[in-house]
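*Asks:* Sharing data23.txt (compact mmCIF, C-alpha atoms) below.
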```txt
# COMPACT_ATOMS: atom_id res chain seq x y z
CA MET T 19 0.00 0.00 0.00
CA LYS T 20 2.79 2.35 1.01
CA LEU T 21 4.69 1.47 -2.15
CA ALA T 22 1.63 2.12 -4.31
CA MET T 23 1.13 5.49 -2.64
CA THR T 24 4.78 6.41 -3.13
CA LEU T 25 4.59 5.47 -6.80
CA ALA T 26 1.40 7.47 -7.22
CA ILE T 27 3.05 10.52 -5.66
CA LEU T 28 6.08 10.10 -7.92
CA ALA T 29 3.85 9.90 -10.95
CA LEU T 30 2.28 13.25 -10.15
CA PRO T 31 3.79 16.39 -11.67
CA LEU T 32 6.53 17.70 -9.39
CA VAL T 33 5.76 21.38 -9.72
CA ALA T 34 2.72 23.44 -10.64
CA GLN T 35 4.22 24.41 -13.99
CA GLU T 36 4.66 20.79 -14.98
CA VAL T 37 1.84 19.46 -17.10
CA ASP T 38 0.75 15.88 -16.60
CA LEU T 39 0.99 14.10 -19.94
CA SER T 40 0.29 10.58 -18.71
CA ILE T 41 -3.03 10.60 -20.56
CA PHE T 42 -1.09 10.24 -23.83
CA LYS T 43 0.84 7.22 -22.63
CA GLY T 44 1.07 4.49 -25.24
CA LEU T 45 0.42 6.77 -28.21
CA GLU T 46 4.01 6.42 -29.41
CA ALA T 47 3.24 2.98 -30.79
CA LYS T 48 0.65 4.43 -33.16
CA ALA T 49 2.79 7.33 -34.31
CA ARG T 50 4.87 7.52 -37.48
CA GLU T 51 7.35 9.83 -35.86
CA THR T 52 7.95 10.55 -32.21
CA SER T 53 10.02 13.14 -30.37
CA ASN T 54 10.13 12.67 -26.66
CA ILE T 55 12.50 14.90 -24.71
CA ASP T 56 12.65 15.33 -20.98
CA LEU T 57 15.51 17.44 -19.74
CA GLY T 58 15.55 17.59 -15.97
CA PRO T 59 17.35 19.92 -13.56
CA GLU T 60 20.42 17.66 -13.40
CA GLN T 61 20.88 17.69 -17.15
CA MET T 62 20.29 21.42 -17.34
CA SER T 63 22.90 22.14 -14.68
CA LEU T 64 25.33 19.71 -16.30
CA MET T 65 24.92 21.56 -19.60
CA LYS T 66 25.43 24.91 -17.90
CA GLY T 67 28.67 23.55 -16.40
CA PHE T 68 30.25 23.36 -19.84
CA SER T 69 30.67 26.78 -21.30
CA GLY T 70 30.34 27.27 -25.03
CA LEU T 71 27.91 24.41 -25.67
CA LEU T 72 25.15 26.89 -26.38
CA GLY T 73 25.80 30.13 -28.15
CA GLY T 74 26.07 33.16 -25.87
CA ASP T 75 22.59 34.49 -26.75
CA LEU T 76 20.93 31.11 -26.44
CA SER T 77 22.72 30.49 -23.18
CA GLU T 78 21.34 33.78 -21.83
CA ALA T 79 17.81 33.07 -23.03
CA THR T 80 17.76 29.69 -21.35
CA ALA T 81 19.71 30.49 -18.18
CA GLY T 82 16.60 30.31 -15.99
CA LEU T 83 15.28 27.00 -17.29
CA LYS T 84 14.82 24.11 -14.90
CA ARG T 85 13.07 21.50 -16.98
CA VAL T 86 12.11 21.10 -20.61
CA LYS T 87 9.68 18.50 -21.88
CA VAL T 88 8.81 17.93 -25.51
CA TYR T 89 6.29 15.39 -26.59
CA SER T 90 5.58 15.41 -30.27
CA LEU T 91 3.86 12.77 -32.34
CA GLU T 92 3.13 12.61 -36.04
CA PHE T 93 0.57 10.18 -37.41
CA ASP T 94 -0.09 8.72 -40.84
CA LYS T 95 -3.80 9.40 -40.77
CA ASP T 96 -6.44 11.40 -38.94
CA GLY T 97 -8.04 10.22 -35.73
CA MET T 98 -5.09 8.26 -34.42
CA TYR T 99 -5.28 10.00 -31.09
CA SER T 100 -8.14 11.33 -29.03
CA LEU T 101 -8.64 15.06 -29.48
CA ALA T 102 -10.81 14.88 -26.37
CA ASP T 103 -7.73 13.82 -24.38
CA ALA T 104 -5.81 16.83 -25.66
CA GLU T 105 -8.77 19.06 -24.80
CA SER T 106 -8.96 17.59 -21.32
CA VAL T 107 -5.30 18.48 -20.74
CA ARG T 108 -6.01 22.00 -21.95
CA THR T 109 -9.07 22.32 -19.70
CA LYS T 110 -7.13 21.05 -16.71
CA VAL T 111 -4.27 23.50 -17.27
CA LYS T 112 -6.69 26.37 -17.85
CA SER T 113 -8.47 25.60 -14.61
CA ASP T 114 -5.31 26.69 -12.77
CA SER T 115 -5.56 30.46 -12.46
CA LYS T 116 -1.80 30.81 -12.57
CA TRP T 117 -1.72 29.63 -16.17
CA LEU T 118 -2.42 32.54 -18.49
CA SER T 119 -3.53 31.94 -22.02
CA LEU T 120 -1.23 33.78 -24.39
CA ILE T 121 -2.74 32.65 -27.67
CA SER T 122 -5.57 30.25 -28.28
CA VAL T 123 -6.43 29.22 -31.81
CA LYS T 124 -9.12 26.80 -32.85
CA GLU T 125 -9.23 25.25 -36.25
CA LYS T 126 -10.94 22.31 -37.89
CA GLY T 127 -9.92 19.13 -36.13
CA GLY T 128 -7.63 20.75 -33.63
CA PHE T 129 -6.42 23.72 -31.69
CA THR T 130 -3.28 25.47 -30.51
CA GLU T 131 -2.90 26.79 -27.04
CA ILE T 132 0.09 28.79 -25.88
CA MET T 133 0.15 29.54 -22.19
CA THR T 134 2.49 30.98 -19.61
CA HIS T 135 2.59 30.28 -15.91
CA LYS T 136 2.72 33.17 -13.50
CA GLY T 137 5.23 32.74 -10.69
CA PRO T 138 4.85 33.98 -7.10
CA ASN T 139 6.53 37.29 -7.94
CA GLY T 140 4.55 37.80 -11.10
CA GLU T 141 7.34 36.60 -13.37
CA MET T 142 6.78 34.01 -16.09
CA ASP T 143 8.12 30.74 -14.70
CA GLY T 144 6.42 28.25 -16.98
CA PHE T 145 5.51 27.93 -20.60
CA LEU T 146 3.26 25.54 -22.45
CA VAL T 147 2.58 24.91 -26.11
CA LEU T 148 -0.22 22.48 -26.72
CA ALA T 149 -0.92 21.98 -30.39
CA ALA T 150 -3.38 19.38 -31.55
CA GLU T 151 -3.74 18.87 -35.27
CA PRO T 152 -5.49 16.03 -37.07
CA ARG T 153 -2.19 14.24 -37.69
CA GLU T 154 0.10 15.88 -35.21
CA LEU T 155 0.17 16.37 -31.49
CA THR T 156 2.84 18.62 -29.99
CA ILE T 157 3.34 19.54 -26.38
CA VAL T 158 6.24 21.63 -25.17
CA ASN T 159 6.34 22.25 -21.45
CA ILE T 160 9.07 24.52 -20.15
CA ILE T 161 9.62 25.02 -16.45
CA GLY T 162 11.65 28.01 -15.37
CA VAL T 163 12.14 31.46 -16.75
CA LEU T 164 12.38 31.57 -20.52
CA ASP T 165 13.32 34.98 -21.77
CA MET T 166 11.04 35.38 -24.79
CA ASN T 167 12.61 38.69 -25.77
CA LYS T 168 16.00 37.03 -26.08
CA LEU T 169 14.47 33.98 -27.74
CA ALA T 170 12.78 36.15 -30.35
CA LYS T 171 16.13 37.80 -31.07
CA LEU T 172 17.59 34.37 -31.79
CA GLY T 173 15.35 33.96 -34.83
CA GLY T 174 17.40 32.82 -37.78
CA LYS T 175 20.15 31.37 -35.56
CA PHE T 176 20.62 27.81 -34.27
CA GLY T 177 17.92 26.61 -36.69
CA ILE T 178 15.31 28.67 -34.82
CA PRO T 179 12.92 30.24 -37.29
CA LYS T 180 12.65 33.98 -37.36
CA ILE T 181 9.69 35.16 -35.32
CA GLU T 182 8.36 38.07 -37.32
CA VAL T 183 5.97 39.52 -34.81
CA ASP T 184 6.91 43.12 -35.41
CA LYS T 185 7.13 43.07 -39.19
CA GLU T 186 3.46 43.69 -39.91
CA LYS T 187 3.27 46.46 -37.33
CA LYS T 188 6.34 48.16 -38.73
CA LYS T 189 4.86 47.97 -42.24
CA THR T 190 1.66 49.57 -41.02
CA LYS T 191 3.58 52.31 -39.28
CA GLU T 192 5.63 53.00 -42.41
CA ASP T 193 2.44 53.22 -44.52
CA MET F 2 115.98 16.70 -6.90
CA PRO F 3 116.78 13.21 -5.70
CA ASN F 4 114.75 14.10 -2.69
CA ILE F 5 111.68 14.59 -4.89
CA GLU F 6 112.26 11.32 -6.66
CA THR F 7 112.44 9.56 -3.35
CA GLN F 8 109.23 11.15 -2.22
CA LEU F 9 107.40 10.18 -5.44
CA ARG F 10 108.61 6.62 -5.24
CA ALA F 11 107.40 6.41 -1.70
CA ALA F 12 104.02 7.83 -2.65
CA LEU F 13 103.48 5.53 -5.63
CA ARG F 14 104.67 2.42 -3.91
CA ARG F 15 102.19 -0.43 -4.31
CA LYS F 16 100.23 -1.17 -1.21
CA ASP F 17 97.89 -4.10 -0.61
CA ALA F 18 94.25 -3.34 0.16
CA PRO F 19 93.29 -3.63 3.79
CA ALA F 20 92.11 -7.05 4.72
CA GLY F 21 88.34 -7.59 4.27
CA LEU F 22 87.82 -4.46 2.11
CA ALA F 23 86.32 -6.43 -0.83
CA GLY F 24 83.91 -8.24 1.46
CA ARG F 25 82.76 -4.97 3.04
CA ILE F 26 82.11 -3.33 -0.37
CA ILE F 27 80.08 -6.32 -1.61
CA ALA F 28 78.01 -6.40 1.58
CA LYS F 29 77.20 -2.66 1.26
CA ALA F 30 76.12 -3.02 -2.36
CA GLU F 31 73.79 -5.90 -1.49
CA GLY F 32 72.19 -3.82 1.24
CA ARG F 33 71.23 -1.14 -1.28
CA ARG F 34 69.62 -3.52 -3.79
CA VAL F 35 65.81 -2.93 -4.12
CA ARG F 36 63.82 -5.81 -2.78
CA PRO F 37 61.46 -7.40 -5.38
CA GLN F 38 58.29 -6.86 -3.29
CA PHE F 39 58.89 -3.10 -3.19
CA ALA F 40 59.36 -3.03 -6.96
CA TRP F 41 55.95 -4.67 -7.45
CA LEU F 42 54.36 -2.18 -5.12
CA ALA F 43 55.79 0.73 -7.10
CA ILE F 44 54.54 -0.77 -10.37
CA ALA F 45 51.09 -1.40 -8.89
CA ALA F 46 50.91 2.19 -7.60
CA ALA F 47 51.87 3.55 -11.02
CA VAL F 48 49.23 1.38 -12.71
CA LEU F 49 46.61 2.56 -10.20
CA VAL F 50 47.45 6.20 -10.78
CA MET F 51 47.27 5.73 -14.54
CA ALA F 52 43.96 3.88 -14.25
CA GLY F 53 42.60 6.70 -12.06
CA ILE F 54 43.60 9.33 -14.57
CA GLY F 55 42.05 7.28 -17.39
CA TRP F 56 38.81 6.81 -15.45
CA GLN F 57 38.60 10.51 -14.67
CA TYR F 58 39.19 11.38 -18.31
CA GLN F 59 36.49 8.93 -19.39
CA GLN F 60 34.03 10.34 -16.82
CA GLU F 61 34.68 13.89 -18.02
CA ARG F 62 34.26 12.79 -21.62
CA GLU F 63 30.93 11.12 -20.82
CA ARG F 64 29.74 14.20 -18.93
CA ARG F 65 30.65 16.41 -21.85
CA LEU F 66 28.85 14.12 -24.30
CA ALA F 67 25.76 14.15 -22.08
CA ALA F 68 25.92 17.94 -21.84
CA GLU F 69 26.28 18.24 -25.62
CA ASN F 70 23.32 15.94 -26.07
CA THR F 71 21.26 18.07 -23.66
CA ALA F 72 22.23 21.24 -25.53
CA GLN F 73 21.13 19.69 -28.83
CA GLN F 74 17.81 18.59 -27.36
CA LEU F 75 17.25 22.01 -25.84
CA GLU F 76 17.92 23.66 -29.20
CA PHE F 77 15.43 21.24 -30.75
CA ALA F 78 12.80 22.12 -28.13
CA LEU F 79 13.29 25.85 -28.62
CA ARG F 80 13.11 25.37 -32.37
CA MET F 81 9.76 23.65 -31.90
CA VAL F 82 8.51 26.52 -29.74
CA ALA F 83 9.63 29.11 -32.26
CA GLU F 84 8.16 27.12 -35.17
CA ARG F 85 4.86 26.83 -33.35
CA LEU F 86 4.83 30.55 -32.52
CA THR F 87 5.51 31.39 -36.15
CA LYS F 88 2.79 29.03 -37.32
CA VAL F 89 0.26 30.41 -34.85
CA GLU F 90 1.18 33.94 -35.81
CA ARG F 91 0.47 33.10 -39.47
CA GLN F 92 -2.80 31.42 -38.48
CA VAL F 93 -3.88 34.43 -36.48
CA ARG F 94 -3.32 36.66 -39.50
CA ARG F 95 -5.52 34.53 -41.73
CA PRO F 96 -8.94 36.22 -41.89
CA GLU F 97 -10.90 32.98 -41.95
CA MET F 98 -9.20 31.73 -38.81
CA ARG F 99 -11.35 31.77 -35.76
CA VAL F 100 -9.34 33.14 -32.88
CA ILE F 101 -10.93 32.30 -29.59
CA HIS F 102 -8.66 34.28 -27.41
CA LEU F 103 -5.69 36.51 -27.86
CA GLN F 104 -4.32 38.00 -24.72
CA THR F 105 -2.42 41.14 -25.56
CA ASN F 106 -1.31 42.59 -22.27
CA ARG F 107 1.82 41.24 -20.61
CA PRO F 108 2.53 38.18 -22.75
CA GLN F 109 2.58 40.23 -25.96
CA GLU F 110 5.48 42.22 -24.54
CA ASN F 111 7.32 38.96 -24.34
CA LEU F 112 6.87 38.24 -28.02
CA GLN F 113 8.25 41.55 -29.16
```
Can you give me the file's structure in the form of structure tokens?

*Replies:*
Amino acid sequence: MKLAMTLAILALPLVAQEVDLSIFKGLEAKARETSNIDLGPEQMSLMKGFSGLLGGDLSEATAGLKRVKVYSLEFDKDGMYSLADAESVRTKVKSDSKWLSLISVKEKGGFTEIMTHKGPNGEMDGFLVLAAEPRELTIVNIIGVLDMNKLAKLGGKFGIPKIEVDKEKKKTKED
Amino acid sequence: MPNIETQLRAALRRKDAPAGLAGRIIAKAEGRRVRPQFAWLAIAAAVLVMAGIGWQYQQERERRLAAENTAQQLEFALRMVAERLTKVERQVRRPEMRVIHLQTNRPQENLQ
């Protein structure tokens, strides 16, 4: 009984910013392509111990990260995973008032939710991308402070696409 | 002059070694010879030190490889985030796209 309880506690997310993805367990077998990354505090501190592994800018942007989880699945056909499961994860996260919805997009057969977690001092200490498409399910859960300003400046470097948030506004201003 | 010759002769006159000198020299040399058990100990210590250095080098190499692997995975994760942000941004611009919610206060500052 004690062992079962201990295991149950271990299975729970460790911190509030950590999203429980156990509902998707077993989906990998159905997927054509899977990316499953879980970088914990030990790995992050090990990486920080070696200077020069990340470029200076990237190193700065990620200095406050504690854990990074990526769970991405690509399927050969529609309906290989339950959209309802993805929606239930979204609903659960949204029910926590500390998670703020940054962008929420709904489209046919899926949705994209980008959320940030508000820390005790009002800083952003968690980040979540939950994207459900008919043939693709992507979840990126970042725990710790991710400097989005610095990340946006990294567009075009390290294989990170350029985030052109300002372009349209600048054009409008110029007109 | 003859006096000098006499002195030289006296100085260079052959003298026999003191009795037992050879035996004493041999005994001293044997005392200094390294005993085999100490030689083995020295070799074993050297091997241990070398093994320790090798192990430490290997550990450091493994740690570096793990760190490099972490850095690559982190770059991949950030690439996914940036790709998704770009995609969403394009979606939001499409007029037919139904945007449920777009919070523009604090988080938008982050995107700029």

*Asks:* Could you jot down the atom CA of T:Ser113 to atom CA of T:Leu146 separation for me, Å, one decimal place?

*Replies:*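 Interatomic distance here is 14.1 Å.
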
*Asks:* Restricting the calculation to all atoms listed in the file: of T:Ala81, T:Leu101, T:Val37, T:Met62, which residue gets closest to F:Gln73?

*Replies:* T:Met62

*Asks:* Measuring between all atoms listed in the file, which one of T:Glu151, T:Asp56, T:Glu131, T:Asp165 shows the shortest distance to T:Arg108?

*Replies:*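 Under the stated criterion, the closest residue is T:Glu131.
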
*Asks:* Against chain F, which residues of chain T fall within 6 Å? For each one I want the closest pair of atoms and the distance in Å (one decimal), counting all atoms listed in the file, rows by chain and increasing residue number, as JSON lines.

*Replies:*
```
{"residue": "T:Leu64", "atom": "CA", "partner": "F:Ala68", "partner_atom": "CA", "distance": 5.8}
{"residue": "T:Met65", "atom": "CA", "partner": "F:Ala68", "partner_atom": "CA", "distance": 4.4}
{"residue": "T:Leu120", "atom": "CA", "partner": "F:Gln104", "partner_atom": "CA", "distance": 5.2}
{"residue": "T:Ile121", "atom": "CA", "partner": "F:Leu103", "partner_atom": "CA", "distance": 4.9}
{"residue": "T:Ser122", "atom": "CA", "partner": "F:His102", "partner_atom": "CA", "distance": 5.2}
{"residue": "T:Val123", "atom": "CA", "partner": "F:Val100", "partner_atom": "CA", "distance": 5.0}
{"residue": "T:Met166", "atom": "CA", "partner": "F:Asn111", "partner_atom": "CA", "distance": 5.2}
{"residue": "T:Asn167", "atom": "CA", "partner": "F:Asn111", "partner_atom": "CA", "distance": 5.5}
{"residue": "T:Ile178", "atom": "CA", "partner": "F:Arg80", "partner_atom": "CA", "distance": 4.7}
{"residue": "T:Ile181", "atom": "CA", "partner": "F:Thr87", "partner_atom": "CA", "distance": 5.7}
```

*Asks:* Kindly extract all protein, DNA and RNA residues lying within 7 Å of the coordinates (17.9, 30.4, -14.2) given in the file, considering all atoms listed in the file, and supply them as a PDB file with C-alpha atoms, keeping the file's coordinate frame.

*Replies:*
```pdb
ATOM      1  CA  ALA T  81      19.710  30.490 -18.180  1.00  0.00           C
ATOM      2  CA  GLY T  82      16.600  30.310 -15.990  1.00  0.00           C
ATOM      3  CA  LEU T  83      15.280  27.000 -17.290  1.00  0.00           C
ATOM      4  CA  GLY T 162      11.650  28.010 -15.370  1.00  0.00           C
ATOM      5  CA  VAL T 163      12.140  31.460 -16.750  1.00  0.00           C
TER       6      VAL T 163
END
```

*Asks:* Would you compute, for all listed atoms of stretch 112-115 of chain T, the axis-aligned bounding box grown by 8 Å on each side, and then report its centre and edge lengths in Å rounded to one decimal, as JSON?

*Replies:*
```
{"center_x": -6.9, "center_y": 28.0, "center_z": -15.2, "size_x": 19.2, "size_y": 20.9, "size_z": 21.4}
```

*Asks:* By how many Å are atom CA of F:Ala45 and atom CA of F:Gln59 apart?

*Replies:*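 Calculated distance between atom CA of F:Ala45 and atom CA of F:Gln59 is 20.7 Å.
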
*Asks:* When you count only C-alpha atoms, which of these residues is closest to T:Phe42: T:Lys66, T:Phe145, T:Ala102, T:Asp94?

*Replies:*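 Using only C-alpha atoms, T:Phe42 sits closest to T:Ala102.
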
*Asks:* Rounded to one decimal place, report the atom CA of T:Arg153-atom CA of T:Met98 distance in Å.

*Replies:*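 Computing it gives 7.4 Å between the two atoms.
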
*Asks:* Hey, what's within 6 Å of stretch 154-161 of chain T if we count only C-alpha atoms and toss same-chain stuff fewer than 6 positions away? As a PyMOL selection string, please?

*Replies:* chain T and resi 35+84-92+144-148
